Every structure is written in C-alpha cells, then in structure tokens.
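Just final20.txt here, compact mmCIF, C-alpha atoms:
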# COMPACT_ATOMS: atom_id res chain seq x y z
CA MET A 114 -29.89 -1.29 -15.42
CA ASP A 115 -29.59 2.32 -14.26
CA SER A 116 -26.96 4.29 -16.20
CA ASN A 117 -25.40 5.58 -12.94
CA ILE A 118 -24.80 2.03 -11.76
CA ILE A 119 -23.15 1.17 -15.08
CA GLN A 120 -20.88 4.22 -14.76
CA VAL A 121 -19.89 3.23 -11.22
CA ILE A 122 -19.06 -0.33 -12.32
CA LEU A 123 -17.08 0.85 -15.32
CA GLY A 124 -15.21 3.39 -13.17
CA GLY A 125 -14.30 0.70 -10.65
CA LEU A 126 -13.09 -1.59 -13.43
CA ALA A 127 -11.05 1.26 -14.90
CA ASN A 128 -9.27 1.80 -11.57
CA VAL A 129 -8.61 -1.92 -11.14
CA ILE A 130 -7.28 -2.31 -14.69
CA MET A 131 -5.10 0.77 -14.28
CA VAL A 132 -3.59 -0.56 -11.05
CA LEU A 133 -2.94 -3.95 -12.65
CA LEU A 134 -1.28 -2.31 -15.65
CA VAL A 135 0.94 0.24 -13.92
CA ALA A 136 1.96 -1.79 -10.82
CA PRO A 137 4.58 -3.89 -12.69
CA PHE A 138 5.75 -0.76 -14.50
CA PHE A 139 6.48 1.00 -11.21
CA GLN A 140 8.23 -2.12 -9.96
CA GLY A 141 10.37 -2.07 -13.10
CA VAL A 142 11.19 1.60 -12.52
CA LEU A 143 12.11 0.79 -8.92
CA ARG A 144 14.50 -1.96 -10.03
CA LYS A 145 16.04 0.14 -12.79
CA VAL A 146 16.62 3.24 -10.66
CA THR A 147 18.00 1.10 -7.82
CA ALA A 148 20.47 -0.49 -10.22
CA ARG A 149 21.57 2.91 -11.54
CA ILE A 150 22.12 4.24 -8.01
CA GLN A 151 24.25 1.17 -7.28
CA SER A 152 26.22 1.57 -10.55
CA ARG A 153 24.64 -1.44 -12.24
CA GLN A 154 22.84 -1.83 -15.58
CA GLY A 155 19.75 -3.42 -14.06
CA PRO A 156 16.91 -5.35 -15.76
CA PRO A 157 14.63 -3.70 -18.34
CA ILE A 158 11.63 -1.84 -16.96
CA ARG A 159 9.29 -4.42 -18.51
CA GLN A 160 10.97 -7.30 -16.61
CA PRO A 161 8.25 -7.54 -13.88
CA TYR A 162 5.67 -8.25 -16.59
CA TYR A 163 7.84 -11.11 -17.91
CA ASP A 164 8.40 -12.48 -14.39
CA THR A 165 4.68 -12.43 -13.61
CA PHE A 166 3.68 -14.25 -16.81
CA LYS A 167 6.48 -16.77 -16.29
CA LEU A 168 5.30 -17.58 -12.76
CA LEU A 169 1.67 -17.83 -13.89
CA GLY A 170 2.72 -20.44 -16.45
CA LYS A 171 4.53 -22.68 -13.97
CA GLU A 172 3.13 -25.70 -12.16
CA ASP A 173 1.19 -24.86 -9.00
CA ILE A 174 3.11 -26.90 -6.40
CA GLU A 175 1.56 -26.97 -2.93
CA SER A 176 4.09 -27.78 -0.23
CA GLY A 177 2.63 -26.06 2.82
CA GLU A 178 0.79 -27.40 5.85
CA ALA A 179 -2.63 -26.05 4.80
CA PRO A 180 -3.01 -25.78 0.99
CA VAL A 181 -6.61 -24.55 1.16
CA MET A 182 -5.62 -21.67 3.44
CA GLN A 183 -2.65 -20.92 1.20
CA ARG A 184 -4.92 -20.54 -1.83
CA PHE A 185 -7.54 -18.54 0.07
CA SER A 186 -5.12 -16.06 1.64
CA THR A 187 -3.24 -15.61 -1.65
CA TYR A 188 -6.34 -14.66 -3.64
CA LEU A 189 -7.74 -12.57 -0.79
CA SER A 190 -4.54 -10.52 -0.54
CA LEU A 191 -4.88 -9.31 -4.12
CA ALA A 192 -8.65 -8.96 -3.91
CA SER A 193 -8.46 -6.69 -0.85
CA ILE A 194 -5.98 -4.36 -2.56
CA LEU A 195 -8.05 -4.19 -5.75
CA ALA A 196 -11.19 -3.53 -3.69
CA ILE A 197 -9.47 -0.48 -2.20
CA ALA A 198 -8.59 0.65 -5.73
CA CYS A 199 -12.32 0.91 -6.46
CA LEU A 200 -12.80 3.23 -3.48
CA VAL A 201 -10.00 5.76 -3.95
CA PRO A 202 -9.71 8.55 -6.56
CA MET A 203 -7.05 8.03 -9.22
CA GLY A 204 -7.09 11.20 -11.24
CA PHE A 205 -10.87 11.43 -11.22
CA LYS A 206 -13.64 10.99 -8.68
CA ALA A 207 -13.52 7.68 -6.81
CA PRO A 208 -15.97 5.47 -8.73
CA MET A 209 -17.34 3.50 -5.78
CA SER A 210 -16.84 5.95 -2.90
CA ALA A 211 -20.55 5.74 -2.10
CA ALA A 212 -20.23 1.96 -1.61
CA GLY A 213 -18.26 2.39 1.61
CA ASP A 214 -16.68 4.86 3.96
CA ALA A 215 -13.26 5.42 5.48
CA ILE A 216 -13.82 2.65 8.04
CA LEU A 217 -14.13 0.14 5.20
CA VAL A 218 -10.80 1.31 3.77
CA ILE A 219 -9.14 0.78 7.17
CA TYR A 220 -10.61 -2.74 7.35
CA LEU A 221 -9.42 -3.61 3.84
CA LEU A 222 -5.92 -2.27 4.49
CA THR A 223 -5.70 -4.35 7.66
CA LEU A 224 -7.06 -7.38 5.82
CA SER A 225 -4.21 -7.25 3.31
CA GLY A 226 -1.76 -7.49 6.23
CA ILE A 227 -3.71 -10.31 7.86
CA CYS A 228 -3.50 -12.24 4.59
CA MET A 229 0.29 -12.20 4.91
CA LEU A 230 -0.01 -13.70 8.40
CA LEU A 231 -2.32 -16.42 7.08
CA MET A 232 0.07 -17.20 4.23
CA GLY A 233 2.97 -17.72 6.58
CA LEU A 234 0.89 -19.71 9.06
CA ALA A 235 -0.43 -21.99 6.30
CA ALA A 236 3.08 -22.57 4.95
CA GLY A 237 4.24 -23.99 8.29
CA SER A 238 7.95 -23.44 7.66
CA ALA A 239 10.27 -22.31 10.44
CA TYR A 240 11.28 -19.33 8.31
CA SER A 241 7.66 -18.43 7.58
CA LEU A 242 6.79 -18.52 11.28
CA VAL A 243 9.65 -16.14 12.04
CA GLY A 244 8.41 -13.91 9.23
CA ILE A 245 4.82 -13.74 10.44
CA SER A 246 5.94 -13.02 14.00
CA ARG A 247 7.81 -10.01 12.65
CA GLU A 248 4.84 -9.05 10.47
CA MET A 249 2.51 -9.18 13.45
CA MET A 250 4.75 -6.96 15.58
CA THR A 251 5.04 -4.53 12.69
CA MET A 252 1.28 -4.42 12.12
CA LEU A 253 0.55 -3.67 15.78
CA THR A 254 2.68 -0.52 15.71
CA LEU A 255 2.36 0.54 12.06
CA GLU A 256 -1.26 -0.05 10.99
CA PRO A 257 -2.73 2.38 13.56
CA LEU A 258 -0.93 5.23 11.77
CA ILE A 259 -3.09 5.04 8.65
CA ALA A 260 -6.19 4.80 10.85
CA ILE A 261 -5.08 7.90 12.77
CA SER A 262 -4.54 9.79 9.50
CA ILE A 263 -8.02 8.90 8.28
CA VAL A 264 -9.62 9.74 11.64
CA ILE A 265 -7.88 13.14 11.72
CA ALA A 266 -9.16 13.81 8.19
CA ALA A 267 -12.63 12.76 9.35
CA ILE A 268 -12.42 15.18 12.31
CA HIS A 269 -11.53 18.06 9.99
CA THR A 270 -14.23 17.17 7.43
CA GLN A 271 -16.83 16.14 10.05
CA THR A 272 -17.62 13.02 8.00
CA PHE A 273 -16.28 9.57 7.14
CA ARG A 274 -17.30 9.92 3.49
CA LEU A 275 -14.46 8.94 1.19
CA ASP A 276 -15.09 11.69 -1.36
CA ALA A 277 -14.38 14.25 1.39
CA ILE A 278 -11.52 12.51 3.21
CA LEU A 279 -9.64 11.56 0.04
CA ASN A 280 -9.87 15.07 -1.36
CA GLY A 281 -7.43 16.76 0.97
CA GLY A 282 -9.59 16.07 4.01
CA ILE A 283 -6.65 16.68 6.32
CA TYR A 284 -6.74 20.39 5.39
CA GLN A 285 -10.51 21.00 5.29
CA SER A 286 -10.90 22.85 8.60
CA GLY A 287 -8.14 25.35 7.83
CA ASN A 288 -5.43 26.15 5.35
CA TYR A 289 -2.71 24.09 7.02
CA PRO A 290 -3.81 22.77 10.43
CA VAL A 291 -1.07 21.73 12.83
CA SER A 292 -2.37 18.16 13.11
CA GLY A 293 -2.40 17.81 9.32
CA ILE A 294 1.19 18.99 8.93
CA ILE A 295 2.33 16.64 11.70
CA MET A 296 0.61 13.64 10.10
CA LEU A 297 2.02 14.55 6.68
CA GLY A 298 5.51 14.27 8.16
CA VAL A 299 4.69 11.07 10.04
CA MET A 300 3.20 9.37 6.99
CA LEU A 301 6.13 10.40 4.81
CA LEU A 302 8.52 8.85 7.34
CA ALA A 303 6.39 5.70 7.59
CA PHE A 304 5.46 5.35 3.92
CA GLN A 305 8.39 3.05 3.15
CA ALA A 306 7.17 0.63 5.81
CA PHE A 307 3.56 0.68 4.60
CA VAL A 308 4.60 -0.55 1.16
CA GLY A 309 7.02 -3.12 2.62
CA ARG A 310 10.23 -1.89 1.03
CA VAL A 311 13.81 -1.71 2.31
CA PRO A 312 14.72 -0.83 5.03
CA PHE A 313 11.41 -2.10 6.43
CA ASP A 314 10.92 -5.39 4.52
CA ILE A 315 11.80 -7.17 7.76
CA SER A 316 9.13 -9.86 7.60
CA GLU A 317 10.53 -11.17 4.30
CA ALA A 318 14.25 -10.25 4.43
CA GLU A 319 15.39 -12.42 1.51
CA THR A 320 19.02 -12.61 2.62
CA GLU A 321 18.12 -13.43 6.22
CA ILE A 322 14.97 -15.61 6.40
CA MET A 323 14.49 -16.48 2.70
CA GLU A 324 11.40 -14.29 2.19
CA GLY A 325 9.81 -15.54 5.41
CA PRO A 326 6.06 -16.11 4.87
CA LEU A 327 6.58 -16.67 1.12
CA ILE A 328 9.23 -19.36 1.33
CA GLU A 329 6.82 -22.22 0.47
CA TYR A 330 5.11 -20.41 -2.42
CA SER A 331 5.86 -20.79 -6.11
CA GLY A 332 4.22 -20.61 -9.52
CA PRO A 333 0.83 -18.88 -9.88
CA LYS A 334 0.34 -18.26 -6.16
CA LEU A 335 3.71 -16.52 -5.90
CA ALA A 336 2.80 -14.45 -8.99
CA ILE A 337 -0.43 -13.30 -7.32
CA ILE A 338 1.36 -12.46 -4.06
CA LYS A 339 4.02 -10.45 -5.87
CA TYR A 340 1.32 -8.71 -7.93
CA ALA A 341 -0.52 -7.80 -4.71
CA GLN A 342 2.69 -6.30 -3.30
CA MET A 343 3.25 -4.27 -6.47
CA ALA A 344 -0.39 -3.11 -6.47
CA LYS A 345 -0.10 -2.17 -2.79
CA LEU A 346 2.54 0.44 -3.69
CA VAL A 347 0.14 2.05 -6.18
CA VAL A 348 -2.91 1.96 -3.89
CA PHE A 349 -1.06 3.33 -0.83
CA SER A 350 0.37 6.08 -3.02
CA ALA A 351 -3.17 6.94 -4.18
CA ILE A 352 -4.41 7.12 -0.58
CA PHE A 353 -1.45 9.29 0.46
CA VAL A 354 -1.99 11.64 -2.49
CA GLY A 355 -5.71 11.85 -1.79
CA ILE A 356 -5.32 12.74 1.89
CA PHE A 357 -2.14 14.81 1.94
CA VAL A 358 -1.32 16.01 -1.61
CA PRO A 359 -4.70 16.68 -3.27
CA TRP A 360 -3.63 19.73 -5.26
CA GLY A 361 -4.42 19.45 -8.96
CA SER A 362 -7.43 17.17 -8.50
CA GLU A 363 -9.73 20.08 -9.35
CA LEU A 364 -8.28 20.32 -12.87
CA VAL A 365 -10.25 19.04 -15.85
CA PHE A 366 -9.69 15.57 -17.25
CA PRO A 367 -7.12 14.51 -18.46
CA LEU A 368 -4.94 17.12 -16.70
CA ALA A 369 -6.04 15.95 -13.24
CA TRP A 370 -5.40 12.33 -14.24
CA ILE A 371 -1.91 13.10 -15.55
CA PHE A 372 -1.09 15.23 -12.50
CA PHE A 373 -2.21 12.41 -10.18
CA TRP A 374 0.08 9.85 -11.78
CA VAL A 375 3.00 12.30 -11.74
CA LYS A 376 2.56 12.60 -7.95
CA VAL A 377 2.40 8.81 -7.61
CA PHE A 378 5.55 8.50 -9.73
CA VAL A 379 7.37 10.94 -7.43
CA LEU A 380 6.39 8.81 -4.41
CA VAL A 381 7.70 5.69 -6.17
CA LEU A 382 11.00 7.45 -6.85
CA MET A 383 11.20 8.43 -3.16
CA VAL A 384 10.63 4.81 -2.16
CA THR A 385 13.27 3.69 -4.67
CA VAL A 386 15.97 6.07 -3.48
CA LEU A 387 15.41 5.20 0.18
CA ALA A 388 15.46 1.47 -0.58
CA ALA A 389 18.67 1.76 -2.56
CA THR A 390 20.54 3.85 -0.01
CA HIS A 391 19.53 2.31 3.33
CA ALA A 392 20.32 -1.02 4.97
CA ARG A 393 17.54 -3.15 6.38
CA TYR A 394 16.56 -2.40 9.98
CA ARG A 395 16.55 -5.06 12.66
CA ILE A 396 13.08 -5.84 14.00
CA ASP A 397 13.82 -4.16 17.35
CA GLN A 398 15.03 -1.01 15.58
CA ALA A 399 11.94 -0.96 13.37
CA ILE A 400 9.55 -1.42 16.29
CA ARG A 401 11.14 1.47 18.18
CA TYR A 402 10.91 3.62 15.06
CA PHE A 403 7.23 2.75 14.49
CA ALA A 404 6.43 3.28 18.16
CA SER A 405 7.90 6.79 18.04
CA MET A 406 5.85 7.54 14.90
CA LEU A 407 2.74 6.20 16.64
CA ALA A 408 3.36 8.42 19.67
CA VAL A 409 3.63 11.48 17.42
CA GLY A 410 0.48 10.38 15.57
CA ILE A 411 -1.47 10.15 18.84
CA VAL A 412 -0.32 13.67 19.73
CA ALA A 413 -1.55 14.86 16.31
CA LEU A 414 -4.90 13.15 16.95
CA ILE A 415 -5.25 14.96 20.28
CA ILE A 416 -4.39 18.27 18.59
CA ALA A 417 -6.97 17.61 15.86
CA SER A 418 -9.67 16.78 18.40
CA ASN A 419 -9.07 20.24 19.85
CA GLY A 420 -9.64 21.91 16.49
CA PHE A 421 -6.08 22.53 15.37
structure tokens encoding of this file:
Amino acid sequence: MDSNIIQVILGGLANVIMVLLVAPFFQGVLRKVTARIQSRQGPPIRQPYYDTFKLLGKEDIESGEAPVMQRFSTYLSLASILAIACLVPMGFKAPMSAAGDAILVIYLLTLSGICMLLMGLAAGSAYSLVGISREMMTMLTLEPLIAISIVIAAIHTQTFRLDAILNGGIYQSGNYPVSGIIMLGVMLLAFQAFVGRVPFDISEAETEIMEGPLIEYSGPKLAIIKYAQMAKLVVFSAIFVGIFVPWGSELVFPLAWIFFWVKVFVLVLMVTVLAATHARYRIDQAIRYFASMLAVGIVALIIASNGF
C-alpha cells in the first residue's frame, strides 16, 4: 500500500480517536464550570466517562415504534460526526481533506441533524414527536448559516477545497473583509444553537418534554447518542476555529496542535458560561432569533459576492 495512503488513514484515525477522548472531558468541564457558576460543587470532570461506560454496560431495551430505524439513526449520528472529524484540521493539516470538499461537510453536518429527526420519529412517543417538530423548525432556520459561512469562504478562496476554506478561508481575499467580520459575529451568536446547548436545547428540553426525541432511548443507544452530542461540540469548534480563528495554525508541531486545543477550550468555556447564565428560549423566540441571524448571513453573502 502506498505510504501516503497509510499516512492519510492514520491521520484520520488520530483525529477520530482524539475527538472520542476529549469530547467527554469537555463535557465534564462544562458540567464543573456550570456548577461553580451556580455555587454548587458539581460532579468530577471524569464523570462523563463513567456515565458513558455505565450506559454501554446496560441492557439494550427497545421500546420504540421502529427498532431498526432507532439503531440505524443512532449509529449514523455518531458516524457522521466522526466522518467530519477526518476532514477538518485539528492542530495539523486535515488528514482526509482530499477525500471531499466543503459541500461534503455541509451534507454531513445536515445528516447529523436528520438523524435526530429519525430517532424521534422511530421512537413514536408524543414527547419525541414534539421534539422533532421543534428540531425541524430549528434546522430550517439554523443549518443554512453554516452553509453560508462555507460558501462565503469559498467565494474568498475561489475554491471549495477544504484545506483552503478551513485555513482562514473567510479572510483570504483581504485582511479583514466586511463579509467575513459579519459572519464571524453571526456564527459566534449562533454557535450555542449549533452545539445544542442552553438556551437553544429546545428540541430536548429535559424539564419540559423529557428530552424529546431521546425519551425512548436507554443503555448503549443512549450512550452513543450522548457521545455524538459531546463529539459535535468538538467538531463544530474545530470548524469554527478553522474558518474564523486560524491564527497559530502555521506554527510547527506541537505548538500548532496545542494552540488549536486552547482555542477549542475557550469556545467550550464560552458555551458553558452562556448555558449557565441564560434560561431556555421558547421555540418561537428561538425561531425569530435564528431568522434574524439568517437575514444578516444572507446580507453578508451578498456583500461577499461583490468582493467585500
């Protein structure tokens, strides 16, 4: 086998393993910092690892309307997130960036959201149906934002190649183009919703609709779903850093690698503070908020298409 192919495969595996290792750690940090902000002791940072292994060891009870679809959508949700991890840089060049372009990343990001819809539909519970209706409304107004960001980066770089777009592509046509600055602000304001955290965890809303689409899930399937949600925070942070905060990626290894994870850690802290200090939005409030972000994003796209 060609040595380049072996390097690509090993690089992809390294990214996947890193995401799987650090995702529960960041979740533990999120819980711990949230507890401190709310004047509580909080669980240990390693608690998400314990919870995951405990769920994986439980009996796999299937209580939904379509067990085959439940299994399929559960595994696909994690697989789609890990596939993205192979395509984005995480402190070093993206190992499999040549295997796809930015359009593939948009498809995979959308697929992870569709999996949540399939999970709720397969569960068949009244709560899960309410949850997926909220998830669908959220996706229609929120998902176009990441596509707009990638398209604006593609306009500035004149290519859909991932190694260009995820290396500060938003700034390639100038030092700080107007469209890039606008989308940086939009994506910062929408980042909490992309990773499904309070105040935008409306489709699950534990205290309101009992986790919505996940109400009929337990044991190993619930462990995989929760792992996919934790990994989603890491992968979205990597995409955000690659497009909007690329500085430091030109450093030598391991400095670039360390600098990357510091930036991801800062994003996780931002998510944590917002989640701990804000109440959950109602679905109508969230839709209006996303719609306003989408309108600003479309304006930024028009500005970018005119070279600014």
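In terms of minimum interatomic distance to A:Ser176, A:Leu327 ranks closest within A:Val379, A:Ile265, A:Leu327, A:Ala196, counting all atoms listed in the file.
Shortest atom-to-atom contact with A:Phe373 among A:Gln160, A:Thr251, A:Asn280, A:Gln154: A:Asn280, counting only C-alpha atoms.
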For stretch 271-341 of chain A against stretch 216-231 of chain A, with a cut-off of 9 Å and counting only C-alpha atoms, what is the closest atom pair and its distance in Å to one decimal for every residue that makes the cut, ordered by chain and number, as JSON lines?
{"residue": "A:Phe273", "atom": "CA", "partner": "A:Ile216", "partner_atom": "CA", "distance": 7.4}
{"residue": "A:Leu275", "atom": "CA", "partner": "A:Val218", "partner_atom": "CA", "distance": 8.8}
{"residue": "A:Pro326", "atom": "CA", "partner": "A:Met229", "partner_atom": "CA", "distance": 7.0}
{"residue": "A:Leu327", "atom": "CA", "partner": "A:Met229", "partner_atom": "CA", "distance": 8.6}
{"residue": "A:Ala341", "atom": "CA", "partner": "A:Ser225", "partner_atom": "CA", "distance": 8.8}
12 Å contact set for A:Ala388, all atoms listed in the file, chain neighbours under 2 positions out, as a list in words: Leu143, Arg144, Val146, Thr147, Ala148, Ile150, Gln151, Phe304, Gln305, Ala306, Val308, Gly309, Arg310, Val311, Pro312, Phe313, Asp314, Val381, Leu382, Met383, Val384, Thr385, Val386, Thr390, His391, Ala392, Arg393 and Tyr394 of chain A
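Our summary of the geometry notes that atom CA of A:Pro257 is positioned 23.2 Å from atom CA of A:Ala212.
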Sorted per-residue table, stretch 181-228 of chain A near stretch 345-366 of chain A, closest atoms and distance, 8 Å, all atoms listed in the file, as JSON lines:
{"residue": "A:Ile194", "atom": "CA", "partner": "A:Lys345", "partner_atom": "CA", "distance": 6.3}
{"residue": "A:Ile197", "atom": "CA", "partner": "A:Val348", "partner_atom": "CA", "distance": 7.2}
{"residue": "A:Ala198", "atom": "CA", "partner": "A:Val348", "partner_atom": "CA", "distance": 6.1}
{"residue": "A:Val201", "atom": "CA", "partner": "A:Ile352", "partner_atom": "CA", "distance": 6.7}
{"residue": "A:Pro202", "atom": "CA", "partner": "A:Gly355", "partner_atom": "CA", "distance": 7.0}
{"residue": "A:Met203", "atom": "CA", "partner": "A:Ala351", "partner_atom": "CA", "distance": 6.5}
{"residue": "A:Gly204", "atom": "CA", "partner": "A:Ser362", "partner_atom": "CA", "distance": 6.6}
{"residue": "A:Phe205", "atom": "CA", "partner": "A:Ser362", "partner_atom": "CA", "distance": 7.2}
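What separates atom CA of A:Pro208 from atom CA of A:Gln285 is a distance of 21.6 Å.
Among the candidates A:Ala369, A:Ala344, A:Ile416, A:Ile263, the one nearest to A:Leu134 when counting only C-alpha atoms is A:Ala344.
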Spatial sel., origin (1.3, 9.0, 19.0), limit 12 Å, all atoms listed in the file, listed as a PyMOL selection string: chain A and resi 254-255+257-262+292+295-296+299+402-416
Counting all atoms listed in the file, the option among A:Ser418, A:Gln183, A:Gly124, A:Leu301 closest to A:Gln271: A:Ser418
Each residue of stretch 137-199 of chain A with at least one atom at most 10 Å from stretch 237-248 of chain A should appear once, together with its nearest atom pair and the corresponding distance in Å (one decimal); atoms considered: only C-alpha atoms; ordering: chain, then increasing residue number; output as a Markdown table.
| residue | atom | partner | partner_atom | distance |
| --- | --- | --- | --- | --- |
| A:Ser176 | CA | A:Gly237 | CA | 9.3 |
| A:Gly177 | CA | A:Gly237 | CA | 6.1 |
| A:Glu178 | CA | A:Gly237 | CA | 5.4 |
| A:Ala179 | CA | A:Gly237 | CA | 8.0 |
Straight-line distance linking atom CA of A:Gln398 with atom CA of A:Met250, stated in Å to one decimal: 11.9 Å
